[in-house]
file input.cif (mmCIF, C-alpha atoms)
data_target
#
loop_
_atom_site.label_atom_id
_atom_site.label_comp_id
_atom_site.auth_asym_id
_atom_site.auth_seq_id
_atom_site.Cartn_x
_atom_site.Cartn_y
_atom_site.Cartn_z
CA MET A 1 -129.00 -38.74 -5.10
CA ALA A 2 -131.34 -41.72 -5.16
CA GLU A 3 -129.95 -44.68 -7.13
CA LYS A 4 -132.43 -47.36 -6.07
CA THR A 5 -135.79 -47.79 -4.40
CA ILE A 6 -137.34 -49.95 -1.72
CA SER A 7 -140.97 -51.08 -1.82
CA LEU A 8 -143.40 -51.40 1.06
CA GLY A 9 -146.68 -53.31 0.69
CA ASN A 10 -147.77 -55.88 -1.89
CA ALA A 11 -147.56 -55.90 -5.67
CA ASP A 12 -151.00 -54.32 -6.04
CA SER A 13 -150.76 -51.52 -3.47
CA GLY A 14 -147.05 -51.17 -2.79
CA VAL A 15 -145.28 -47.83 -2.44
CA ASP A 16 -141.75 -47.18 -3.66
CA PHE A 17 -139.34 -45.09 -1.61
CA ASP A 18 -136.03 -43.74 -2.86
CA VAL A 19 -132.86 -44.97 -1.21
CA MET A 20 -130.33 -42.14 -0.90
CA SER A 21 -126.57 -42.53 -0.60
CA GLY A 22 -124.16 -40.14 1.06
CA THR A 23 -120.44 -39.88 0.41
CA LEU A 24 -119.80 -42.00 3.55
CA GLY A 25 -121.98 -44.03 5.87
CA PRO A 26 -125.07 -46.20 5.37
CA ASP A 27 -127.77 -45.51 2.80
CA VAL A 28 -130.99 -43.85 4.01
CA ILE A 29 -134.58 -44.45 2.97
CA ASP A 30 -136.36 -41.25 1.97
CA ILE A 31 -139.69 -41.54 3.81
CA ARG A 32 -140.90 -37.97 3.30
CA LYS A 33 -143.90 -39.24 1.29
CA LEU A 34 -144.67 -42.11 3.69
CA TYR A 35 -147.56 -40.46 5.54
CA GLY A 36 -149.20 -39.10 2.42
CA ALA A 37 -148.94 -42.41 0.60
CA THR A 38 -149.78 -44.82 3.42
CA ASP A 39 -151.42 -42.75 6.19
CA GLN A 40 -148.76 -44.16 8.55
CA PHE A 41 -145.76 -42.78 10.47
CA THR A 42 -142.54 -44.38 11.61
CA TYR A 43 -141.92 -44.90 15.34
CA ASP A 44 -138.35 -44.08 16.39
CA PRO A 45 -137.90 -42.93 20.02
CA GLY A 46 -134.77 -40.80 20.30
CA PHE A 47 -134.56 -40.64 16.49
CA THR A 48 -131.68 -43.14 16.62
CA SER A 49 -132.61 -44.57 13.19
CA THR A 50 -133.71 -41.32 11.56
CA ALA A 51 -131.64 -38.84 9.55
CA SER A 52 -133.15 -35.44 10.34
CA CYS A 53 -131.00 -33.49 7.92
CA GLU A 54 -128.34 -33.59 5.24
CA SER A 55 -124.95 -32.34 6.43
CA LYS A 56 -121.44 -31.89 5.07
CA ILE A 57 -119.76 -31.00 8.37
CA THR A 58 -118.98 -34.08 10.49
CA PHE A 59 -118.96 -37.82 9.82
CA ILE A 60 -118.82 -40.53 12.48
CA ASP A 61 -118.35 -44.28 12.01
CA GLY A 62 -118.86 -45.69 15.46
CA GLU A 63 -118.01 -49.26 14.50
CA GLU A 64 -114.62 -48.29 13.10
CA GLY A 65 -113.88 -45.48 15.56
CA VAL A 66 -113.76 -42.74 12.91
CA LEU A 67 -114.50 -39.03 13.37
CA LEU A 68 -113.99 -36.66 10.44
CA HIS A 69 -114.48 -32.90 10.30
CA ARG A 70 -115.01 -31.87 6.67
CA GLY A 71 -113.11 -35.07 5.77
CA TYR A 72 -110.13 -34.51 8.09
CA PRO A 73 -109.50 -37.11 10.86
CA ILE A 74 -109.95 -35.65 14.34
CA ASP A 75 -106.56 -36.92 15.54
CA GLU A 76 -104.77 -35.11 12.71
CA LEU A 77 -106.57 -31.87 13.50
CA ALA A 78 -105.78 -32.19 17.20
CA GLU A 79 -102.10 -32.91 16.54
CA LYS A 80 -101.38 -30.60 13.61
CA SER A 81 -103.97 -27.82 13.74
CA ASP A 82 -105.22 -25.41 16.39
CA PHE A 83 -108.71 -24.58 17.59
CA LEU A 84 -109.35 -21.44 15.55
CA GLU A 85 -108.09 -23.11 12.37
CA THR A 86 -110.50 -25.98 13.10
CA CYS A 87 -113.26 -23.41 13.65
CA TYR A 88 -112.56 -21.94 10.22
CA LEU A 89 -112.69 -25.43 8.71
CA LEU A 90 -116.04 -26.25 10.32
CA LEU A 91 -117.58 -22.94 9.28
CA ASN A 92 -116.21 -22.75 5.74
CA GLY A 93 -115.56 -26.31 4.61
CA GLU A 94 -111.88 -25.88 3.82
CA LEU A 95 -108.70 -25.22 5.76
CA PRO A 96 -107.60 -21.58 5.46
CA ASN A 97 -104.48 -20.35 3.76
CA LYS A 98 -102.20 -18.11 5.83
CA ALA A 99 -103.93 -14.86 4.91
CA GLU A 100 -107.38 -16.32 5.54
CA LYS A 101 -106.29 -17.73 8.88
CA ASP A 102 -104.66 -14.51 10.00
CA LYS A 103 -107.80 -12.54 9.17
CA PHE A 104 -110.07 -15.08 10.90
CA VAL A 105 -107.91 -15.12 14.04
CA HIS A 106 -107.87 -11.31 14.06
CA ASP A 107 -111.65 -11.07 13.61
CA ILE A 108 -112.36 -13.56 16.41
CA THR A 109 -109.80 -12.01 18.74
CA TYR A 110 -111.21 -8.51 18.32
CA HIS A 111 -114.74 -9.69 19.03
CA SER A 112 -113.83 -11.25 22.40
CA MET A 113 -114.94 -8.35 24.60
CA VAL A 114 -118.58 -8.33 25.70
CA HIS A 115 -120.89 -5.36 26.18
CA GLU A 116 -119.97 -3.68 29.44
CA GLN A 117 -123.55 -3.80 30.69
CA LEU A 118 -123.30 -7.60 30.74
CA ALA A 119 -121.12 -7.23 33.84
CA LEU A 120 -124.19 -5.82 35.58
CA PHE A 121 -126.28 -8.67 34.19
CA TYR A 122 -124.03 -11.18 35.98
CA ARG A 123 -124.69 -9.48 39.29
CA GLY A 124 -128.35 -10.39 38.98
CA PHE A 125 -127.49 -14.04 39.64
CA ARG A 126 -127.01 -15.55 43.08
CA ARG A 127 -123.36 -15.93 43.95
CA ASP A 128 -123.80 -19.71 44.27
CA ALA A 129 -125.53 -20.10 40.89
CA HIS A 130 -124.23 -22.98 38.78
CA PRO A 131 -122.02 -21.65 35.96
CA MET A 132 -124.16 -23.48 33.38
CA ALA A 133 -127.24 -21.64 34.64
CA ILE A 134 -125.36 -18.39 34.14
CA MET A 135 -124.25 -19.47 30.66
CA VAL A 136 -127.81 -20.22 29.55
CA GLY A 137 -129.02 -16.84 30.79
CA VAL A 138 -126.14 -14.70 29.53
CA VAL A 139 -125.93 -16.27 26.06
CA GLY A 140 -129.70 -15.98 25.65
CA ALA A 141 -129.43 -12.32 26.68
CA LEU A 142 -126.90 -11.52 23.93
CA SER A 143 -129.80 -10.95 21.54
CA ALA A 144 -130.78 -8.01 23.75
CA PHE A 145 -127.32 -6.46 23.31
CA TYR A 146 -126.49 -7.23 19.68
CA HIS A 147 -129.59 -6.34 17.66
CA ASP A 148 -127.48 -5.82 14.55
CA SER A 149 -126.80 -9.55 14.11
CA THR A 150 -130.16 -11.24 14.67
CA ASP A 151 -131.58 -11.16 11.12
CA ILE A 152 -131.16 -14.78 10.04
CA ASP A 153 -132.00 -13.95 6.41
CA ASP A 154 -128.96 -11.68 6.10
CA PRO A 155 -125.76 -13.72 5.40
CA HIS A 156 -123.55 -10.93 6.77
CA GLN A 157 -125.49 -10.75 10.04
CA ARG A 158 -125.32 -14.55 10.36
CA MET A 159 -121.55 -14.35 9.94
CA VAL A 160 -121.23 -11.56 12.51
CA ALA A 161 -123.38 -13.49 15.00
CA SER A 162 -121.29 -16.63 14.42
CA TYR A 163 -118.04 -14.78 15.04
CA ARG A 164 -119.44 -13.06 18.12
CA LEU A 165 -120.58 -16.32 19.67
CA ILE A 166 -117.25 -18.08 19.09
CA ALA A 167 -115.28 -15.04 20.26
CA LYS A 168 -117.28 -14.11 23.34
CA MET A 169 -117.93 -17.57 24.75
CA PRO A 170 -114.55 -17.82 26.56
CA THR A 171 -115.21 -14.43 28.19
CA ILE A 172 -118.75 -15.41 29.18
CA ALA A 173 -117.57 -18.76 30.54
CA ALA A 174 -114.62 -17.37 32.51
CA TRP A 175 -116.77 -14.61 33.97
CA ALA A 176 -119.31 -17.18 35.15
CA TYR A 177 -116.52 -18.80 37.14
CA LYS A 178 -115.08 -15.55 38.45
CA PHE A 179 -118.51 -14.41 39.60
CA SER A 180 -119.10 -17.68 41.47
CA ILE A 181 -115.89 -17.29 43.52
CA GLY A 182 -116.13 -13.54 44.05
CA GLN A 183 -113.06 -12.56 42.04
CA PRO A 184 -112.96 -9.58 39.67
CA PHE A 185 -113.63 -10.18 35.99
CA MET A 186 -110.53 -10.39 33.82
CA TYR A 187 -110.89 -8.81 30.40
CA PRO A 188 -109.70 -10.62 27.24
CA ARG A 189 -106.28 -9.81 25.85
CA ASN A 190 -105.64 -9.51 22.14
CA ASP A 191 -102.01 -10.65 22.43
CA LEU A 192 -102.99 -14.17 23.58
CA SER A 193 -104.21 -17.17 21.63
CA TYR A 194 -107.80 -18.36 22.06
CA ALA A 195 -106.90 -21.06 24.59
CA GLU A 196 -104.36 -18.86 26.38
CA ASP A 197 -106.86 -16.05 26.70
CA PHE A 198 -109.44 -18.37 28.26
CA LEU A 199 -106.92 -19.66 30.81
CA HIS A 200 -105.86 -16.10 31.57
CA MET A 201 -109.46 -14.94 32.15
CA MET A 202 -110.08 -18.02 34.32
CA PHE A 203 -107.06 -17.95 36.60
CA ALA A 204 -105.40 -14.52 36.46
CA VAL A 205 -106.03 -11.81 39.04
CA PRO A 206 -105.32 -8.06 38.68
CA CYS A 207 -102.72 -7.92 41.43
CA GLU A 208 -100.07 -10.06 39.75
CA ASP A 209 -98.96 -11.35 36.36
CA TYR A 210 -100.28 -14.71 35.21
CA LYS A 211 -97.56 -17.02 33.90
CA MET A 212 -98.78 -19.02 30.95
CA ASN A 213 -97.80 -22.70 30.88
CA PRO A 214 -97.45 -23.77 27.22
CA VAL A 215 -98.22 -27.41 28.07
CA LEU A 216 -101.52 -26.39 29.66
CA SER A 217 -102.47 -23.97 26.90
CA ARG A 218 -101.81 -26.65 24.28
CA ALA A 219 -103.86 -29.14 26.30
CA MET A 220 -106.70 -26.62 26.50
CA ASP A 221 -106.52 -26.08 22.74
CA ARG A 222 -106.75 -29.83 22.13
CA ILE A 223 -109.69 -30.19 24.49
CA LEU A 224 -111.50 -27.50 22.50
CA ILE A 225 -110.72 -29.19 19.16
CA LEU A 226 -111.82 -32.61 20.38
CA HIS A 227 -115.19 -31.26 21.52
CA ALA A 228 -115.83 -28.86 18.64
CA ASP A 229 -118.51 -30.91 16.86
CA HIS A 230 -119.96 -34.40 17.01
CA GLU A 231 -122.64 -34.69 14.35
CA GLN A 232 -126.37 -34.72 15.31
CA ASN A 233 -126.11 -35.21 19.07
CA ALA A 234 -128.78 -33.98 21.50
CA SER A 235 -127.54 -30.41 21.88
CA THR A 236 -126.79 -29.95 18.16
CA SER A 237 -130.23 -31.31 17.29
CA THR A 238 -131.67 -28.87 19.83
CA VAL A 239 -129.90 -25.96 18.12
CA ARG A 240 -131.23 -27.08 14.74
CA THR A 241 -134.74 -27.54 16.14
CA ALA A 242 -134.75 -24.07 17.70
CA GLY A 243 -133.27 -22.60 14.53
CA SER A 244 -135.90 -24.25 12.35
CA SER A 245 -138.51 -21.92 13.85
CA GLY A 246 -136.52 -18.86 12.77
CA ALA A 247 -135.26 -18.06 16.27
CA ASN A 248 -132.25 -15.73 16.51
CA PRO A 249 -128.80 -17.37 16.74
CA PHE A 250 -128.17 -16.37 20.37
CA ALA A 251 -131.43 -18.02 21.47
CA CYS A 252 -130.56 -21.14 19.48
CA ILE A 253 -127.13 -21.50 21.09
CA ALA A 254 -128.63 -20.88 24.54
CA ALA A 255 -131.00 -23.77 23.82
CA GLY A 256 -128.03 -25.94 22.91
CA ILE A 257 -126.31 -25.05 26.18
CA ALA A 258 -129.44 -26.00 28.11
CA SER A 259 -129.54 -29.38 26.36
CA LEU A 260 -125.83 -29.96 26.97
CA TRP A 261 -126.35 -29.34 30.68
CA GLY A 262 -128.07 -32.72 31.03
CA PRO A 263 -125.89 -35.28 32.85
CA ALA A 264 -126.45 -37.84 30.09
CA HIS A 265 -124.85 -35.48 27.57
CA GLY A 266 -122.36 -32.90 28.79
CA GLY A 267 -121.89 -34.06 32.37
CA ALA A 268 -120.11 -37.33 31.67
CA ASN A 269 -116.61 -36.13 32.62
CA GLU A 270 -117.93 -34.87 35.95
CA ALA A 271 -119.53 -38.30 36.47
CA VAL A 272 -116.08 -39.86 35.97
CA LEU A 273 -114.66 -37.91 38.90
CA ASN A 274 -117.68 -38.80 41.02
CA MET A 275 -117.06 -42.47 40.22
CA LEU A 276 -113.38 -42.14 41.14
CA GLY A 277 -114.42 -40.56 44.41
CA GLU A 278 -116.75 -43.49 45.06
CA ILE A 279 -113.92 -45.98 44.42
CA GLY A 280 -111.84 -43.95 46.83
CA ASP A 281 -108.43 -45.64 46.75
CA ILE A 282 -106.16 -47.55 44.38
CA SER A 283 -106.57 -50.62 46.55
CA ASN A 284 -110.26 -50.68 45.64
CA VAL A 285 -109.79 -50.63 41.85
CA ALA A 286 -109.84 -54.41 41.40
CA SER A 287 -113.03 -54.80 43.40
CA ALA A 288 -114.63 -51.88 41.51
CA LEU A 289 -113.89 -53.59 38.19
CA GLU A 290 -115.48 -56.77 39.49
CA ARG A 291 -118.55 -54.80 40.53
CA ALA A 292 -118.73 -53.27 37.06
CA LYS A 293 -118.79 -56.79 35.56
CA ASP A 294 -121.61 -57.94 37.86
CA PRO A 295 -124.99 -57.49 36.09
CA ASP A 296 -126.74 -57.45 39.48
CA ASP A 297 -124.65 -54.54 40.78
CA ASN A 298 -125.76 -51.03 39.78
CA PHE A 299 -122.20 -49.69 39.94
CA ARG A 300 -121.19 -48.32 36.54
CA LEU A 301 -117.72 -47.72 35.17
CA MET A 302 -118.10 -44.14 33.96
CA GLY A 303 -115.91 -42.86 31.13
CA PHE A 304 -115.60 -46.24 29.42
CA GLY A 305 -117.38 -47.15 26.21
CA HIS A 306 -119.55 -44.78 24.17
CA ARG A 307 -123.08 -44.81 22.76
CA VAL A 308 -121.81 -44.09 19.24
CA TYR A 309 -118.32 -45.59 19.25
CA LYS A 310 -118.17 -49.38 19.40
CA ASN A 311 -114.41 -49.15 19.02
CA TYR A 312 -111.77 -46.90 20.60
CA ASP A 313 -113.07 -43.32 20.68
CA PRO A 314 -110.64 -41.58 18.27
CA ARG A 315 -110.70 -38.48 20.45
CA ALA A 316 -109.62 -40.50 23.48
CA LYS A 317 -106.30 -41.49 21.89
CA VAL A 318 -105.26 -37.85 21.63
CA MET A 319 -106.74 -37.02 25.02
CA MET A 320 -104.87 -39.89 26.68
CA ALA A 321 -101.52 -38.59 25.41
CA THR A 322 -102.45 -35.06 26.45
CA CYS A 323 -103.51 -36.28 29.88
CA HIS A 324 -100.13 -37.88 30.54
CA GLU A 325 -98.33 -34.78 29.22
CA VAL A 326 -100.24 -32.55 31.64
CA LEU A 327 -99.79 -34.82 34.65
CA ASP A 328 -96.08 -35.27 33.93
CA ASP A 329 -95.56 -31.52 33.52
CA LEU A 330 -97.43 -30.55 36.67
CA GLY A 331 -96.10 -33.39 38.79
CA ILE A 332 -99.32 -33.42 40.76
CA ASN A 333 -99.59 -35.77 43.71
CA ASP A 334 -103.35 -36.24 43.63
CA PRO A 335 -104.66 -39.61 44.89
CA LEU A 336 -107.73 -39.32 42.66
CA LEU A 337 -105.62 -38.85 39.54
CA GLU A 338 -103.33 -41.71 40.54
CA LEU A 339 -106.42 -43.86 41.00
CA ALA A 340 -107.63 -42.90 37.52
CA MET A 341 -104.33 -43.91 35.92
CA GLU A 342 -104.43 -47.27 37.70
CA LEU A 343 -108.02 -47.82 36.56
CA GLU A 344 -107.02 -47.01 32.98
CA LYS A 345 -104.06 -49.40 33.12
CA ILE A 346 -106.06 -52.36 34.45
CA ALA A 347 -109.14 -51.81 32.28
CA LEU A 348 -107.05 -51.65 29.09
CA SER A 349 -105.59 -55.08 29.87
CA ASP A 350 -108.69 -56.79 31.28
CA PRO A 351 -110.20 -59.18 28.66
CA TYR A 352 -113.72 -58.41 29.88
CA PHE A 353 -113.45 -54.73 28.92
CA VAL A 354 -111.20 -55.24 25.89
CA ASP A 355 -113.48 -57.90 24.36
CA ARG A 356 -116.52 -55.64 24.82
CA LYS A 357 -114.59 -52.66 23.46
CA LEU A 358 -115.20 -50.72 26.67
CA TYR A 359 -112.20 -48.48 26.17
CA PRO A 360 -111.67 -45.21 28.05
CA ASN A 361 -113.48 -42.45 26.17
CA VAL A 362 -112.82 -38.74 25.79
CA ASP A 363 -114.78 -37.94 28.96
CA PHE A 364 -112.56 -40.17 31.10
CA TYR A 365 -109.42 -38.22 30.22
CA SER A 366 -110.88 -34.73 29.90
CA GLY A 367 -112.19 -34.74 33.46
CA ILE A 368 -108.78 -35.81 34.76
CA ILE A 369 -106.99 -33.13 32.73
CA LEU A 370 -109.35 -30.36 33.77
CA ARG A 371 -109.04 -31.32 37.44
CA ALA A 372 -105.26 -31.31 37.16
CA MET A 373 -105.36 -27.86 35.54
CA GLY A 374 -107.37 -26.46 38.46
CA PHE A 375 -110.87 -26.33 37.01
CA PRO A 376 -113.72 -27.08 39.45
CA THR A 377 -116.14 -29.79 38.33
CA SER A 378 -118.89 -27.17 37.94
CA MET A 379 -116.93 -25.75 34.99
CA PHE A 380 -116.48 -29.02 33.09
CA THR A 381 -119.73 -28.77 31.12
CA VAL A 382 -119.17 -25.04 30.62
CA ILE A 383 -115.89 -25.82 28.84
CA PHE A 384 -117.74 -28.41 26.74
CA ALA A 385 -120.22 -25.68 25.74
CA LEU A 386 -117.38 -23.30 24.96
CA ALA A 387 -115.79 -25.85 22.61
CA ARG A 388 -119.05 -27.01 21.04
CA THR A 389 -120.23 -23.48 20.19
CA VAL A 390 -118.45 -23.56 16.84
CA GLY A 391 -120.11 -26.86 15.96
CA TRP A 392 -123.52 -25.51 16.90
CA VAL A 393 -122.91 -22.36 14.87
CA ALA A 394 -121.69 -24.30 11.83
CA GLN A 395 -124.69 -26.65 11.98
CA TRP A 396 -127.09 -23.73 12.46
CA ASN A 397 -125.67 -21.91 9.44
CA GLU A 398 -125.88 -25.05 7.33
CA MET A 399 -129.51 -25.55 8.34
CA ILE A 400 -130.46 -21.94 7.51
CA GLU A 401 -128.91 -22.29 4.05
CA ASP A 402 -130.53 -25.69 3.32
CA PRO A 403 -133.64 -25.16 1.14
CA SER A 404 -135.04 -28.58 2.09
CA GLN A 405 -135.24 -27.80 5.80
CA LYS A 406 -138.61 -27.18 7.43
CA ILE A 407 -139.67 -26.31 10.95
CA THR A 408 -139.08 -29.38 13.07
CA ARG A 409 -142.35 -31.18 13.84
CA PRO A 410 -141.96 -34.80 15.03
CA ARG A 411 -145.09 -36.95 15.08
CA GLN A 412 -146.23 -39.28 17.84
CA LEU A 413 -147.80 -42.63 18.60
CA TYR A 414 -150.84 -41.56 20.62
CA THR A 415 -151.89 -44.01 23.35
CA GLY A 416 -154.22 -41.79 25.41
CA GLU A 417 -157.99 -41.76 25.74
CA THR A 418 -160.26 -41.73 22.70
CA GLU A 419 -162.78 -38.90 22.33
CA ARG A 420 -164.96 -38.42 25.43
CA THR A 421 -167.99 -36.30 26.29
CA PHE A 422 -167.46 -33.55 28.85
CA ILE A 423 -169.41 -34.05 32.11
CA PRO A 424 -170.29 -31.01 34.28
CA VAL A 425 -168.54 -30.92 37.64
CA ASP A 426 -171.75 -31.48 39.66
CA LYS A 427 -172.42 -34.75 37.81
CA ARG A 428 -168.94 -36.33 38.02
#
call {"tool": "encode", "arguments": {"input": "input.cif", "output": "structure tokens"}}
result
Amino acid sequence: MAEKTISLGNADSGVDFDVMSGTLGPDVIDIRKLYGATDQFTYDPGFTSTASCESKITFIDGEEGVLLHRGYPIDELAEKSDFLETCYLLLNGELPNKAEKDKFVHDITYHSMVHEQLALFYRGFRRDAHPMAIMVGVVGALSAFYHDSTDIDDPHQRMVASYRLIAKMPTIAAWAYKFSIGQPFMYPRNDLSYAEDFLHMMFAVPCEDYKMNPVLSRAMDRILILHADHEQNASTSTVRTAGSSGANPFACIAAGIASLWGPAHGGANEAVLNMLGEIGDISNVASALERAKDPDDNFRLMGFGHRVYKNYDPRAKVMMATCHEVLDDLGINDPLLELAMELEKIALSDPYFVDRKLYPNVDFYSGIILRAMGFPTSMFTVIFALARTVGWVAQWNEMIEDPSQKITRPRQLYTGETERTFIPVDKR
């Protein structure tokens, strides 16, 4: 609610705008009447100073390194909760009791199979297609298979679509990988947890039993929790924008996947491994750090610092511990991973990076963990999309139910030609 106002203009022709306060975070100026009152727009490329919606789902304080889901700190959820319980929290606003959780887990688990004709749909892609390209196509095609959950005005259909997307995304993602390497699709199993089932569909083959490693399944579960939602980022804003037109939920989530595919958004952990490959050897770490400090050198230290967090990324603390757990359990002798650990050690003690709060972020550790677990780099962003689906779905549902939301229609600062007279082609 507005408790104060701010005035623009002079005493004779000024306009008052309400200043609105949330439960956390800075106040916002309500400029909805700005154009009508002043015949002027604001100019905000990237919308970095504009609140496009009201939300109760996720809060971020980048200066303090805080990330809350429905009020719960992300590190507590990652340590004490599990992914499906976090999904329930994001969707419903409260943690479930035992009966509610059991029902939710059952409902998600028994929605994990996909329509059998989708297996034929996969075979329409080239074998070397990027898994993210497959994800965009298959998720968008779900609306052609599940007509009974595309009416966005029906709360029950919205709930069914939400459950289907969360449940089927591990199957869709794992099948994208299996198709790319020519292995048979593995069907979901109802006796496994969400994270276990995804690992099983990724790495099992029909000719032998797959032995589940509890350390890896717990690491996978944490990765999913830590990527579940992150406020109004590019892909979430894309989902809301698509949804504002009344598009069906499957199309909206496909749009979010397409946005996430961009290297500036979902491809950061892959960029970390590329950087490690460029450094090449532990003996080159010191010189790489010096290059990163040199403003005239275009070498960048990927996986350090964050656009939002100007402090230690709260997700990275959990991911760092998980990373060391995984590496210790697997005992992997991988020069690239050893290089990463040396880079982490030196950067955390180097005053240049510490003073500038360029701490390792969640992408630095997640790429290392996923590589150690056997995931190819082409699947890194796919796993991000798998985890973020619940956030997209929660944000989409919130937007649909918000009576103040309108179809997204940003304005522009036009700098093109003024009106001109058309000249026939023979006189130009």
call {"tool": "resolve_selection", "arguments": {"input": "input.cif", "expression": "the PyMOL selection byres ((chain A and resi 160) around 10)", "output": "list in words"}}
result
Asp107, Ile108, His111, Tyr146, Asp148, Ser149, Thr150, Pro155, His156, Gln157, Arg158, Met159, Ala161, Ser162, Tyr163, Arg164 and Leu165 of chain A
call {"tool": "closest_atom_pairs", "arguments": {"input": "input.cif", "of": "stretch 296-322 of chain A", "to": "stretch 59-79 of chain A", "cutoff": "12 Å", "atoms": "only C-alpha atoms", "output": "JSON lines"}}
result
{"residue": "A:Gly305", "atom": "CA", "partner": "A:Gly62", "partner_atom": "CA", "distance": 10.9}
{"residue": "A:His306", "atom": "CA", "partner": "A:Gly62", "partner_atom": "CA", "distance": 8.8}
{"residue": "A:Arg307", "atom": "CA", "partner": "A:Gly62", "partner_atom": "CA", "distance": 8.5}
{"residue": "A:Val308", "atom": "CA", "partner": "A:Gly62", "partner_atom": "CA", "distance": 5.1}
{"residue": "A:Tyr309", "atom": "CA", "partner": "A:Gly62", "partner_atom": "CA", "distance": 3.8}
{"residue": "A:Lys310", "atom": "CA", "partner": "A:Glu63", "partner_atom": "CA", "distance": 4.9}
{"residue": "A:Asn311", "atom": "CA", "partner": "A:Gly65", "partner_atom": "CA", "distance": 5.1}
{"residue": "A:Tyr312", "atom": "CA", "partner": "A:Gly65", "partner_atom": "CA", "distance": 5.6}
{"residue": "A:Asp313", "atom": "CA", "partner": "A:Gly65", "partner_atom": "CA", "distance": 5.6}
{"residue": "A:Pro314", "atom": "CA", "partner": "A:Gly65", "partner_atom": "CA", "distance": 5.7}
{"residue": "A:Arg315", "atom": "CA", "partner": "A:Asp75", "partner_atom": "CA", "distance": 6.6}
{"residue": "A:Ala316", "atom": "CA", "partner": "A:Asp75", "partner_atom": "CA", "distance": 9.2}
{"residue": "A:Lys317", "atom": "CA", "partner": "A:Asp75", "partner_atom": "CA", "distance": 7.8}
{"residue": "A:Val318", "atom": "CA", "partner": "A:Asp75", "partner_atom": "CA", "distance": 6.3}
{"residue": "A:Met319", "atom": "CA", "partner": "A:Ala78", "partner_atom": "CA", "distance": 9.2}
{"residue": "A:Met320", "atom": "CA", "partner": "A:Asp75", "partner_atom": "CA", "distance": 11.7}
{"residue": "A:Ala321", "atom": "CA", "partner": "A:Glu79", "partner_atom": "CA", "distance": 10.5}
{"residue": "A:Thr322", "atom": "CA", "partner": "A:Glu79", "partner_atom": "CA", "distance": 10.1}
call {"tool": "residues_around", "arguments": {"input": "input.cif", "residues": "A:Ser366", "least_positions_apart": "2", "cutoff": "12 Å", "atoms": "all atoms listed in the file", "output": "number ranges by chain"}}
result
A: 219-220, 222-224, 226-227, 266-273, 303, 315-324, 326, 337, 340, 360-364, 368-373, 375, 377, 379-381, 383-384
call {"tool": "residues_around", "arguments": {"input": "input.cif", "residues": "A:Asp209", "least_positions_apart": "4", "cutoff": "12 Å", "atoms": "all atoms listed in the file", "output": "JSON, numbers by chain"}}
result
{"A": [186, 200, 201, 203, 204, 205]}
call {"tool": "resolve_selection", "arguments": {"input": "input.cif", "expression": "the PyMOL selection byres ((chain A and resi 229-245) around 6)", "output": "count of residues only"}}
result
15
call {"tool": "resolve_selection", "arguments": {"input": "input.cif", "expression": "the PyMOL selection byres ((chain A and resi 50) around 12)", "output": "PyMOL selection string"}}
result
chain A and resi 26-32+42-49+51-54+232+410
call {"tool": "residues_around", "arguments": {"input": "input.cif", "residues": "A:Val105", "least_positions_apart": "5", "cutoff": "10 Å", "atoms": "all atoms listed in the file", "output": "short mmCIF file (atom, residue, chain, number, x, y, z; two decimals) with C-alpha atoms, keeping the file's coordinate frame"}}
result
data_model
loop_
_atom_site.label_atom_id
_atom_site.label_comp_id
_atom_site.auth_asym_id
_atom_site.auth_seq_id
_atom_site.Cartn_x
_atom_site.Cartn_y
_atom_site.Cartn_z
CA LEU A 84 -109.35 -21.44 15.55
CA GLU A 85 -108.09 -23.11 12.37
CA CYS A 87 -113.26 -23.41 13.65
CA TYR A 88 -112.56 -21.94 10.22
CA ALA A 99 -103.93 -14.86 4.91
CA GLU A 100 -107.38 -16.32 5.54
CA TYR A 110 -111.21 -8.51 18.32
CA ALA A 167 -115.28 -15.04 20.26
CA SER A 193 -104.21 -17.17 21.63
CA TYR A 194 -107.80 -18.36 22.06
#
call {"tool": "residues_around", "arguments": {"input": "input.cif", "residues": "A:Phe125", "least_positions_apart": "6", "cutoff": "12 Å", "atoms": "all atoms listed in the file", "output": "list in words"}}
result
Leu118, Ala119, Pro131, Met132, Ala133, Ile134, Met135, Val136, Gly137, Val138, Ala176, Phe179 and Ser180 of chain A
call {"tool": "atom_distance", "arguments": {"input": "input.cif", "atom1": "atom CA of A:Leu301", "atom2": "atom CA of A:Leu358"}}
result
9.4 Å
call {"tool": "closest_residue", "arguments": {"input": "input.cif", "among": "A:His106, A:Lys168, A:Lys80, A:Lys345", "to": "A:Ile225", "atoms": "only C-alpha atoms"}}
result
A:Lys80
call {"tool": "atom_distance", "arguments": {"input": "input.cif", "atom1": "atom CA of A:Pro403", "atom2": "atom CA of A:Gly14"}}
result
29.5 Å
call {"tool": "closest_residue", "arguments": {"input": "input.cif", "among": "A:Asp334, A:Ile152, A:Ile166, A:Asn284", "to": "A:Asn248", "atoms": "only C-alpha atoms"}}
result
A:Ile152
